[in-house]
Each structure stands twice: as C-alpha cells, then as structure tokens.
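Working notes, structure below.
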Amino acid sequence: MRAVRLPWWISAPLALVVLVALLATAGRLDLIPGLPDPFESETKDRTGPTLLKSIQDMSRYQAASGNFQVVVDLEKDAKYLPDALVGERTLFVGAGSVGAYVDLGGVGRKAVKVNEARTSATLTLPHAELEEPALDVDRSHVVARERGLFDRYADWFSDNPGNEKKVRQTAVKHIGEAAQESGLRKRAEKNTTQMLEQLLRSLGFDDVRVTYR
C-alpha cells in the first residue's frame with residue numbers, strides 16, 4: 001500500500017502546528033526546564049488616573065462602628081408561570097459596617113457652659129447619628145442562584161447586572177435596619193462623653209458634664 005504524500009504547502013504548515021502544540025504542552029507541563037508557558041496569563045491594570053472630585057472638612061467625631069452580616073434570600077416569580085420556566089431565587093451573604101458619629105460642627109457657644117473659676121464645664125451635644133451602611137465587597141458573595149429556563153436563556157445574550165445590584169441593595173437595607181435597632185448610637189455617645197471628659201480634665205476642669213439634647 002503506497003503512503004499518501006501531502007503537498008508541501010499543506011505538510012509544512014501542519015508540521016509547524018504540531019511543533020508549536022508540542023512546545024506549548026511541554027511548557028505547560030514543565031517538561032523542559034526553562035521553557036516558558038505560552039498559556040501563562042498576565043493581568044494588566046489600564047485604569048486611568050484617579051480624580052479628586054471634592055474635599056470636605058470633617059466636624060464630626062467618629063465614635064463607634066458596628067460590623068453586620070445578613071443572608072439575603074431574594075426570590076422573583078412570574079404570576080402565571082411556573083418557577084421552572086420564569087423566575088429567579090438568589091442567596092446572598094452580605095457583610096458590611098455602619099459607623100456612628102456625633103456632629104460637633106453645629107455646637108455653638110450656648111451649648112458650652114463654664115463657671116467663673118473654670119473648674120466646671122457642661123456641654124450639650126446633639127444625639128449620635130448613623131452613617132450609611134458600607135458593604136464589604138471582599139466578604140459579600142452570592143451563595144446560590146436558581147433561575148428558570150427562560151431566564152437562563154436570556155442570560156446567554158445579555159448581561160444583567162441589575163440582579164446582583166438588587167440583592168446588594170437589599171443587604172444594605174437590612175444592615176441599616178439592624179444598625180438602627182442596635183445599641184450603636186448609645187455606644188457612640190458613651191465614647192464621645194469619655195473622650196470629652198478626658199480632654200477637658202487634661203485642661204484643668206475638675207467637673208465635666210456632657211448631655212445630649
């Protein structure tokens with residue numbers, strides 16, 4: 001049986017492809033020391049320069065911070081179709097923090113009373129407030145996601161970042177509600193009182209009283 005000989009314009013490129021594949025495999029499996037891996041990936045940061053949008057002077061005392069975690073179970077159903085066809089359910093672990101502060105910028109002279117001997121001081125401050133919850137992206141993630149047939153089919157043709165945005169917004173909402181019900185503001189007021197007492201006593205005041213209106 002005669003061997004079939006391929007024309008040179010076919011055999012030469014084919015041999016080159018085989019050679020490249022063998023070298024790539026050797027580099028990938030480290031069969032030849034020193035041979036670079038052609039499949040090794042490299043991440044390049046092409047982010048543009050960071051722009052300073054604004055500067056604000058802070059006149060608040062950051063007195064306390066609370067860490068929270070919530071498991072969001074968000075389900076979206078179609079009214080007249082079964083979940084196997086249309087619908088989505090997402091389990092999302094959201095972790096974030098909420099800061100509590102006392103705003104000292106609005107404290108006027110009338111809120112500070114000092115006796116003639118400058119040994120006693122009374123301060124009247126506004127109650128502590130809570131900052132907006134800050135979601136920790138490194139500790140927040142989707143645990144599971146179930147989608148109907150039509151939803152999975154639609155995802156093939158388009159990205160839908162709104163789905164994850166919704167669970168993140170829900171996580172922030174629940175973290176904010178938990179912070180409101182916690183003792184975070186009372187802790188902030190207690191820490192602020194201790195800070196001011198120590199500060200004023202170091203300035204020579206023996207009797208320091210801090211109240212919140």
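Letters for chains follow the order of the structure tokens (A, B, ...), residue numbers begin at 1 for each chain, and ligand numbers begin at 1 in the order shown.
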
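The shell of residues at most 7 Å from Thr124 in chain A, with only C-alpha atoms counted and near chain neighbours (fewer than 4 positions) removed, consists of A:Ala111, A:Val112, A:Val210, A:Thr211, A:Tyr212, A:Arg213.
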
request  = List the neighbours of Gly183 in chain A out to 12 Å using only C-alpha atoms; skip same-chain residues closer than 6 positions along the sequence, and give me the result as number ranges by chain.
outcome  = A: 64-66, 98-100, 128-130, 189-190

ask   = In range 112-207 of chain A, what's helix (DSSP H, G or I) per DSSP? Answer as a PyMOL selection string?
value = chain A and resi 149-155+162-181+184-202
